[in-house]
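Structure below is structure09.txt: compact mmCIF, N, CA and C atoms.
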```txt
# COMPACT_ATOMS: atom_id res chain seq x y z
N MET A 1 -8.80 -12.00 9.70
CA MET A 1 -8.77 -10.94 8.74
C MET A 1 -10.13 -10.80 8.06
N SER A 2 -11.03 -11.70 8.31
CA SER A 2 -12.34 -11.61 7.66
C SER A 2 -13.17 -10.53 8.33
N HIS A 3 -13.59 -9.57 7.53
CA HIS A 3 -14.46 -8.50 8.02
C HIS A 3 -15.21 -7.90 6.86
N SER A 4 -16.19 -7.12 7.17
CA SER A 4 -16.97 -6.42 6.15
C SER A 4 -16.28 -5.11 5.82
N TYR A 5 -15.91 -4.93 4.55
CA TYR A 5 -15.24 -3.69 4.17
C TYR A 5 -16.14 -2.46 4.31
N PRO A 6 -17.44 -2.55 3.96
CA PRO A 6 -18.28 -1.36 4.22
C PRO A 6 -18.28 -0.98 5.71
N GLN A 7 -18.36 -1.98 6.59
CA GLN A 7 -18.35 -1.69 8.03
C GLN A 7 -16.99 -1.16 8.47
N LEU A 8 -15.91 -1.76 7.94
CA LEU A 8 -14.56 -1.29 8.28
C LEU A 8 -14.39 0.17 7.89
N ILE A 9 -14.84 0.52 6.68
CA ILE A 9 -14.73 1.91 6.22
C ILE A 9 -15.53 2.85 7.12
N ASP A 10 -16.74 2.44 7.49
CA ASP A 10 -17.55 3.27 8.40
C ASP A 10 -16.85 3.45 9.75
N ASP A 11 -16.33 2.36 10.30
CA ASP A 11 -15.64 2.42 11.59
C ASP A 11 -14.41 3.33 11.50
N LEU A 12 -13.65 3.17 10.44
CA LEU A 12 -12.45 4.00 10.28
C LEU A 12 -12.79 5.46 10.06
N ASN A 13 -13.84 5.73 9.31
CA ASN A 13 -14.25 7.13 9.11
C ASN A 13 -14.60 7.78 10.45
N ALA A 14 -15.26 7.04 11.34
CA ALA A 14 -15.59 7.57 12.66
C ALA A 14 -14.31 7.83 13.47
N ALA A 15 -13.38 6.89 13.42
CA ALA A 15 -12.12 7.05 14.15
C ALA A 15 -11.31 8.21 13.58
N ILE A 16 -11.31 8.34 12.27
CA ILE A 16 -10.57 9.43 11.62
C ILE A 16 -11.19 10.78 11.96
N ALA A 17 -12.51 10.83 12.07
CA ALA A 17 -13.18 12.08 12.47
C ALA A 17 -12.70 12.52 13.85
N THR A 18 -12.56 11.57 14.76
CA THR A 18 -12.05 11.87 16.09
C THR A 18 -10.60 12.35 16.01
N LEU A 19 -9.83 11.72 15.17
CA LEU A 19 -8.43 12.12 14.98
C LEU A 19 -8.34 13.53 14.42
N ARG A 20 -9.25 13.88 13.50
CA ARG A 20 -9.25 15.24 12.92
C ARG A 20 -9.47 16.30 14.00
N VAL A 21 -10.30 15.98 14.99
CA VAL A 21 -10.56 16.91 16.09
C VAL A 21 -9.32 17.02 16.98
N GLY A 22 -8.70 15.89 17.27
CA GLY A 22 -7.56 15.89 18.18
C GLY A 22 -6.26 16.38 17.57
N ALA A 23 -6.10 16.18 16.27
CA ALA A 23 -4.85 16.57 15.59
C ALA A 23 -5.20 17.26 14.28
N PRO A 24 -5.83 18.44 14.36
CA PRO A 24 -6.32 19.08 13.13
C PRO A 24 -5.22 19.48 12.15
N GLY A 25 -4.11 19.94 12.63
CA GLY A 25 -3.03 20.38 11.73
C GLY A 25 -2.47 19.24 10.89
N PRO A 26 -2.00 18.19 11.53
CA PRO A 26 -1.47 17.07 10.75
C PRO A 26 -2.53 16.44 9.83
N MET A 27 -3.76 16.37 10.31
CA MET A 27 -4.81 15.77 9.48
C MET A 27 -5.13 16.65 8.27
N LYS A 28 -5.10 17.98 8.45
CA LYS A 28 -5.32 18.88 7.33
C LYS A 28 -4.18 18.73 6.33
N ALA A 29 -2.96 18.64 6.84
CA ALA A 29 -1.80 18.46 5.96
C ALA A 29 -1.89 17.14 5.20
N PHE A 30 -2.31 16.08 5.89
CA PHE A 30 -2.46 14.78 5.23
C PHE A 30 -3.52 14.85 4.14
N GLY A 31 -4.63 15.53 4.43
CA GLY A 31 -5.69 15.68 3.43
C GLY A 31 -5.19 16.42 2.20
N GLY A 32 -4.39 17.46 2.41
CA GLY A 32 -3.81 18.20 1.29
C GLY A 32 -2.87 17.33 0.47
N LEU A 33 -2.07 16.54 1.16
CA LEU A 33 -1.16 15.62 0.47
C LEU A 33 -1.95 14.63 -0.37
N ALA A 34 -3.03 14.09 0.19
CA ALA A 34 -3.87 13.14 -0.55
C ALA A 34 -4.46 13.80 -1.80
N ARG A 35 -4.99 15.01 -1.64
CA ARG A 35 -5.58 15.71 -2.79
C ARG A 35 -4.55 15.93 -3.89
N GLU A 36 -3.36 16.37 -3.51
CA GLU A 36 -2.31 16.63 -4.51
C GLU A 36 -1.84 15.34 -5.17
N ALA A 37 -1.65 14.30 -4.39
CA ALA A 37 -1.16 13.03 -4.93
C ALA A 37 -2.17 12.39 -5.88
N LEU A 38 -3.46 12.58 -5.60
CA LEU A 38 -4.51 11.96 -6.42
C LEU A 38 -5.01 12.85 -7.55
N ALA A 39 -4.54 14.09 -7.62
CA ALA A 39 -4.98 14.99 -8.68
C ALA A 39 -4.55 14.44 -10.03
N PRO A 40 -5.47 14.43 -11.01
CA PRO A 40 -5.10 13.94 -12.33
C PRO A 40 -3.97 14.77 -12.93
N GLY A 41 -3.05 14.08 -13.53
CA GLY A 41 -1.92 14.72 -14.20
C GLY A 41 -1.51 13.79 -15.32
N ALA A 42 -0.25 13.38 -15.33
CA ALA A 42 0.22 12.41 -16.32
C ALA A 42 -0.49 11.07 -16.13
N LEU A 43 -0.90 10.79 -14.90
CA LEU A 43 -1.68 9.59 -14.59
C LEU A 43 -3.08 10.01 -14.19
N ASP A 44 -4.07 9.26 -14.65
CA ASP A 44 -5.44 9.59 -14.27
C ASP A 44 -5.75 9.04 -12.87
N LEU A 45 -6.87 9.47 -12.33
CA LEU A 45 -7.26 9.10 -10.97
C LEU A 45 -7.39 7.59 -10.82
N MET A 46 -7.99 6.91 -11.79
CA MET A 46 -8.17 5.47 -11.66
C MET A 46 -6.83 4.76 -11.57
N THR A 47 -5.87 5.15 -12.39
CA THR A 47 -4.54 4.54 -12.36
C THR A 47 -3.90 4.76 -10.99
N LYS A 48 -4.03 5.97 -10.47
CA LYS A 48 -3.46 6.26 -9.16
C LYS A 48 -4.13 5.44 -8.06
N GLU A 49 -5.44 5.25 -8.15
CA GLU A 49 -6.13 4.43 -7.15
C GLU A 49 -5.72 2.97 -7.25
N LEU A 50 -5.52 2.48 -8.47
CA LEU A 50 -5.04 1.10 -8.63
C LEU A 50 -3.64 0.96 -8.05
N MET A 51 -2.80 1.97 -8.24
CA MET A 51 -1.47 1.95 -7.63
C MET A 51 -1.58 1.95 -6.11
N ALA A 52 -2.50 2.74 -5.58
CA ALA A 52 -2.69 2.78 -4.13
C ALA A 52 -3.14 1.42 -3.60
N ILE A 53 -3.96 0.71 -4.36
CA ILE A 53 -4.38 -0.63 -3.96
C ILE A 53 -3.16 -1.55 -3.86
N ALA A 54 -2.30 -1.51 -4.88
CA ALA A 54 -1.11 -2.36 -4.86
C ALA A 54 -0.23 -2.05 -3.66
N ILE A 55 -0.07 -0.77 -3.36
CA ILE A 55 0.75 -0.37 -2.21
C ILE A 55 0.06 -0.80 -0.91
N ALA A 56 -1.25 -0.67 -0.84
CA ALA A 56 -1.99 -1.09 0.36
C ALA A 56 -1.82 -2.58 0.60
N ILE A 57 -1.80 -3.36 -0.46
CA ILE A 57 -1.58 -4.81 -0.32
C ILE A 57 -0.16 -5.05 0.19
N ALA A 58 0.82 -4.38 -0.42
CA ALA A 58 2.21 -4.58 -0.03
C ALA A 58 2.47 -4.18 1.41
N THR A 59 1.75 -3.15 1.89
CA THR A 59 1.95 -2.68 3.27
C THR A 59 0.97 -3.33 4.24
N ARG A 60 0.10 -4.19 3.72
CA ARG A 60 -0.87 -4.95 4.52
C ARG A 60 -1.78 -4.04 5.34
N CYS A 61 -2.35 -3.04 4.68
CA CYS A 61 -3.23 -2.07 5.34
C CYS A 61 -4.68 -2.32 4.93
N ASP A 62 -5.44 -3.01 5.79
CA ASP A 62 -6.83 -3.34 5.47
C ASP A 62 -7.67 -2.11 5.18
N GLY A 63 -7.55 -1.10 6.01
CA GLY A 63 -8.31 0.12 5.80
C GLY A 63 -7.96 0.79 4.49
N CYS A 64 -6.67 0.81 4.16
CA CYS A 64 -6.23 1.39 2.89
C CYS A 64 -6.82 0.62 1.71
N ILE A 65 -6.86 -0.69 1.83
CA ILE A 65 -7.47 -1.51 0.77
C ILE A 65 -8.92 -1.10 0.60
N GLY A 66 -9.66 -1.03 1.69
CA GLY A 66 -11.07 -0.66 1.62
C GLY A 66 -11.27 0.71 0.99
N PHE A 67 -10.56 1.71 1.49
CA PHE A 67 -10.73 3.07 0.98
C PHE A 67 -10.37 3.17 -0.51
N HIS A 68 -9.26 2.54 -0.89
CA HIS A 68 -8.79 2.71 -2.27
C HIS A 68 -9.55 1.82 -3.26
N VAL A 69 -10.05 0.67 -2.83
CA VAL A 69 -10.92 -0.12 -3.72
C VAL A 69 -12.20 0.66 -3.98
N LYS A 70 -12.77 1.23 -2.92
CA LYS A 70 -14.00 2.02 -3.10
C LYS A 70 -13.74 3.20 -4.04
N ALA A 71 -12.61 3.88 -3.86
CA ALA A 71 -12.28 5.02 -4.72
C ALA A 71 -12.00 4.57 -6.15
N ALA A 72 -11.35 3.43 -6.32
CA ALA A 72 -11.07 2.92 -7.66
C ALA A 72 -12.36 2.58 -8.40
N ILE A 73 -13.30 2.00 -7.68
CA ILE A 73 -14.61 1.69 -8.29
C ILE A 73 -15.28 2.98 -8.72
N ARG A 74 -15.27 4.00 -7.84
CA ARG A 74 -15.86 5.30 -8.21
C ARG A 74 -15.17 5.91 -9.43
N ALA A 75 -13.87 5.64 -9.56
CA ALA A 75 -13.10 6.18 -10.69
C ALA A 75 -13.28 5.35 -11.96
N GLY A 76 -14.03 4.24 -11.87
CA GLY A 76 -14.33 3.45 -13.06
C GLY A 76 -13.56 2.15 -13.20
N ALA A 77 -12.81 1.75 -12.19
CA ALA A 77 -12.03 0.51 -12.28
C ALA A 77 -12.95 -0.71 -12.36
N THR A 78 -12.54 -1.65 -13.18
CA THR A 78 -13.28 -2.90 -13.30
C THR A 78 -12.65 -3.97 -12.42
N ARG A 79 -13.37 -5.06 -12.22
CA ARG A 79 -12.83 -6.18 -11.45
C ARG A 79 -11.57 -6.72 -12.12
N GLU A 80 -11.56 -6.76 -13.45
CA GLU A 80 -10.39 -7.25 -14.17
C GLU A 80 -9.18 -6.36 -13.94
N GLN A 81 -9.38 -5.05 -13.88
CA GLN A 81 -8.27 -4.14 -13.61
C GLN A 81 -7.75 -4.33 -12.18
N VAL A 82 -8.66 -4.55 -11.25
CA VAL A 82 -8.24 -4.80 -9.87
C VAL A 82 -7.48 -6.13 -9.80
N LEU A 83 -7.94 -7.14 -10.54
CA LEU A 83 -7.22 -8.42 -10.55
C LEU A 83 -5.81 -8.27 -11.10
N GLU A 84 -5.63 -7.48 -12.14
CA GLU A 84 -4.28 -7.24 -12.66
C GLU A 84 -3.44 -6.50 -11.63
N THR A 85 -4.05 -5.58 -10.93
CA THR A 85 -3.35 -4.82 -9.89
C THR A 85 -2.90 -5.74 -8.77
N VAL A 86 -3.78 -6.61 -8.30
CA VAL A 86 -3.39 -7.50 -7.20
C VAL A 86 -2.34 -8.51 -7.67
N SER A 87 -2.39 -8.89 -8.93
CA SER A 87 -1.37 -9.79 -9.46
C SER A 87 0.01 -9.13 -9.39
N LEU A 88 0.06 -7.86 -9.75
CA LEU A 88 1.31 -7.12 -9.66
C LEU A 88 1.77 -6.99 -8.21
N ALA A 89 0.83 -6.74 -7.31
CA ALA A 89 1.18 -6.62 -5.89
C ALA A 89 1.74 -7.93 -5.36
N ILE A 90 1.18 -9.05 -5.79
CA ILE A 90 1.69 -10.36 -5.37
C ILE A 90 3.12 -10.54 -5.87
N TYR A 91 3.34 -10.21 -7.13
CA TYR A 91 4.67 -10.32 -7.71
C TYR A 91 5.67 -9.44 -6.96
N MET A 92 5.28 -8.19 -6.70
CA MET A 92 6.19 -7.26 -6.05
C MET A 92 6.42 -7.61 -4.59
N GLY A 93 5.45 -8.27 -3.96
CA GLY A 93 5.66 -8.72 -2.59
C GLY A 93 6.75 -9.77 -2.50
N ALA A 94 6.82 -10.60 -3.51
CA ALA A 94 7.83 -11.66 -3.52
C ALA A 94 9.18 -11.14 -4.00
N GLY A 95 9.17 -10.33 -5.06
CA GLY A 95 10.42 -9.82 -5.63
C GLY A 95 11.24 -9.02 -4.64
N PRO A 96 10.65 -8.01 -3.98
CA PRO A 96 11.43 -7.25 -3.01
C PRO A 96 11.96 -8.13 -1.86
N SER A 97 11.20 -9.13 -1.47
CA SER A 97 11.69 -10.01 -0.41
C SER A 97 12.95 -10.75 -0.87
N MET A 98 12.97 -11.19 -2.12
CA MET A 98 14.15 -11.85 -2.65
C MET A 98 15.34 -10.89 -2.69
N ILE A 99 15.11 -9.66 -3.14
CA ILE A 99 16.19 -8.67 -3.21
C ILE A 99 16.72 -8.37 -1.82
N TYR A 100 15.82 -8.17 -0.85
CA TYR A 100 16.28 -7.87 0.51
C TYR A 100 16.95 -9.06 1.16
N ALA A 101 16.57 -10.28 0.78
CA ALA A 101 17.26 -11.46 1.29
C ALA A 101 18.70 -11.47 0.79
N ALA A 102 18.88 -11.18 -0.51
CA ALA A 102 20.23 -11.11 -1.07
C ALA A 102 21.05 -9.99 -0.42
N GLU A 103 20.41 -8.84 -0.19
CA GLU A 103 21.09 -7.71 0.46
C GLU A 103 21.48 -8.07 1.89
N THR A 104 20.64 -8.83 2.58
CA THR A 104 20.94 -9.25 3.95
C THR A 104 22.19 -10.11 3.98
N LEU A 105 22.29 -11.04 3.04
CA LEU A 105 23.49 -11.87 2.99
C LEU A 105 24.72 -11.04 2.66
N ARG A 106 24.58 -10.08 1.75
CA ARG A 106 25.70 -9.19 1.41
C ARG A 106 26.11 -8.37 2.63
N ALA A 107 25.13 -7.87 3.39
CA ALA A 107 25.44 -7.12 4.61
C ALA A 107 26.20 -7.99 5.59
N PHE A 108 25.75 -9.22 5.75
CA PHE A 108 26.44 -10.13 6.65
C PHE A 108 27.89 -10.32 6.20
N ASP A 109 28.07 -10.59 4.90
CA ASP A 109 29.42 -10.82 4.38
C ASP A 109 30.31 -9.60 4.54
N GLU A 110 29.75 -8.40 4.42
CA GLU A 110 30.54 -7.19 4.56
C GLU A 110 30.81 -6.83 6.01
N LEU A 111 29.92 -7.20 6.92
CA LEU A 111 30.02 -6.78 8.31
C LEU A 111 30.65 -7.82 9.25
N ALA A 112 30.60 -9.08 8.88
CA ALA A 112 31.15 -10.12 9.75
C ALA A 112 32.67 -10.04 9.74
N PRO A 113 33.28 -10.35 10.87
CA PRO A 113 34.74 -10.37 10.89
C PRO A 113 35.26 -11.36 9.85
N ALA A 114 36.35 -10.98 9.21
CA ALA A 114 36.94 -11.83 8.15
C ALA A 114 37.22 -13.22 8.70
N GLY A 115 36.83 -14.21 7.94
CA GLY A 115 37.11 -15.60 8.32
C GLY A 115 36.15 -16.20 9.32
N SER A 116 35.12 -15.43 9.76
CA SER A 116 34.21 -15.96 10.79
C SER A 116 33.21 -16.98 10.22
N GLU A 117 32.87 -16.84 8.99
CA GLU A 117 31.90 -17.74 8.35
C GLU A 117 32.35 -17.94 6.91
N PRO A 118 32.25 -19.14 6.42
CA PRO A 118 32.55 -19.30 5.00
C PRO A 118 31.46 -18.66 4.14
N LYS A 119 31.86 -18.00 3.06
CA LYS A 119 30.89 -17.41 2.14
C LYS A 119 30.28 -18.50 1.30
N LEU A 120 29.02 -18.29 0.92
CA LEU A 120 28.33 -19.27 0.07
C LEU A 120 28.80 -19.15 -1.36
```
Write out the structure in this file as structure tokens.
Amino acid sequence: MSHSYPQLIDDLNAAIATLRVGAPGPMKAFGGLAREALAPGALDLMTKELMAIAIAIATRCDGCIGFHVKAAIRAGATREQVLETVSLAIYMGAGPSMIYAAETLRAFDELAPAGSEPKL
């Protein structure tokens, strides 16, 4: 997983440029979605970029991390704000796993034939 984020961003920008040529409609639509989602409203751009970082961590998207960290820095985010963001992402990575583990057991209990396994 060790790589240079400036190089990763450059490589991805080149690949995305090729994708824009091959799939212009979907890429234009994605660009519009990005512009609308990041437009300042009740939340400012920096807050939205910090949220995107947390989601990028949760979804394990290296390129997303690179793009959104760079954008968060441009929007004025500090290292301390990014540290708080990653702390939240760590917490949320563990919390949802616990919830889905409990839901998995509930699904098993609801779907297994009656009497096939003792419930915990």
Tell me, which residues of chain A carry DSSP alpha helix (DSSP H), written as JSON, numbers by chain? {"A": [5, 6, 7, 8, 9, 10, 11, 12, 13, 14, 15, 16, 17, 18, 19, 20, 21, 22, 24, 25, 26, 27, 28, 29, 30, 31, 32, 33, 34, 35, 36, 37, 38, 45, 46, 47, 48, 49, 50, 51, 52, 53, 54, 55, 56, 57, 58, 59, 62, 63, 64, 65, 66, 67, 68, 69, 70, 71, 72, 73, 74, 79, 80, 81, 82, 83, 84, 85, 86, 87, 88, 89, 90, 91, 92, 93, 94, 95, 96, 97, 98, 99, 100, 101, 102, 103, 104, 105, 106, 107, 108, 109, 110, 111]}
Just want the 8 Å neighbourhood of Tyr5 in chain A, counted on only N, CA and C atoms, with same-chain residues fewer than 6 positions away dropped. Output as a PyMOL selection string. chain A and resi 11+62+65-67
Quick check, in Å to one decimal: how far apart do CA of Leu33 in chain A and CA of Leu83 in chain A lie? 27.1 Å
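Checking A:Met92, A:Ala14, A:Leu111, A:Ala72 one by one against Leu50 in chain A, counting only N, CA and C atoms, you find the shortest gap at A:Ala72.
Nearest residue to Thr47 in chain A among A:Ile90, A:Ala102, A:Ala75, A:Ile9 is A:Ala75, counting only N, CA and C atoms.
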Any idea what's packed within 7 Å of Ala54 in chain A, counting all atoms listed in the file, ignoring anything in its chain fewer than 3 positions away? Could you give it as an mmCIF file with N, CA and C atoms, in the coordinates of the input?
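Saved to part-v3.cif:
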```cif
data_model
loop_
_atom_site.group_PDB
_atom_site.id
_atom_site.type_symbol
_atom_site.label_atom_id
_atom_site.label_comp_id
_atom_site.auth_asym_id
_atom_site.auth_seq_id
_atom_site.Cartn_x
_atom_site.Cartn_y
_atom_site.Cartn_z
ATOM 1 N N GLU A 49 -5.440 5.250 -8.150
ATOM 2 C CA GLU A 49 -6.130 4.430 -7.150
ATOM 3 C C GLU A 49 -5.720 2.970 -7.250
ATOM 4 N N LEU A 50 -5.520 2.480 -8.470
ATOM 5 C CA LEU A 50 -5.040 1.100 -8.630
ATOM 6 C C LEU A 50 -3.640 0.960 -8.050
ATOM 7 N N MET A 51 -2.800 1.970 -8.240
ATOM 8 C CA MET A 51 -1.470 1.950 -7.630
ATOM 9 C C MET A 51 -1.580 1.950 -6.110
ATOM 10 N N ILE A 57 -1.800 -3.360 -0.460
ATOM 11 C CA ILE A 57 -1.580 -4.810 -0.320
ATOM 12 C C ILE A 57 -0.160 -5.050 0.190
ATOM 13 N N ALA A 58 0.820 -4.380 -0.420
ATOM 14 C CA ALA A 58 2.210 -4.580 -0.030
ATOM 15 C C ALA A 58 2.470 -4.180 1.410
ATOM 16 N N THR A 59 1.750 -3.150 1.890
ATOM 17 C CA THR A 59 1.950 -2.680 3.270
ATOM 18 C C THR A 59 0.970 -3.330 4.240
ATOM 19 N N THR A 85 -4.050 -5.580 -10.930
ATOM 20 C CA THR A 85 -3.350 -4.820 -9.890
ATOM 21 C C THR A 85 -2.900 -5.740 -8.770
ATOM 22 N N VAL A 86 -3.780 -6.610 -8.300
ATOM 23 C CA VAL A 86 -3.390 -7.500 -7.200
ATOM 24 C C VAL A 86 -2.340 -8.510 -7.670
ATOM 25 N N LEU A 88 0.060 -7.860 -9.750
ATOM 26 C CA LEU A 88 1.310 -7.120 -9.660
ATOM 27 C C LEU A 88 1.770 -6.990 -8.210
ATOM 28 N N ALA A 89 0.830 -6.740 -7.310
ATOM 29 C CA ALA A 89 1.180 -6.620 -5.890
ATOM 30 C C ALA A 89 1.740 -7.930 -5.360
#
```
How many Å separate CA of Gly41 in chain A from CA of Arg74 in chain A? 17.9 Å
Rounded to one decimal place, report the atom N of Gly76 in chain A-atom C of Ala39 in chain A distance in Å. 14.0 Å
Contacts of Ala37 in chain A at 10 Å (only C-alpha atoms; same-chain gap of 6+ positions) as a ChimeraX atom specification: /A:31,45,48
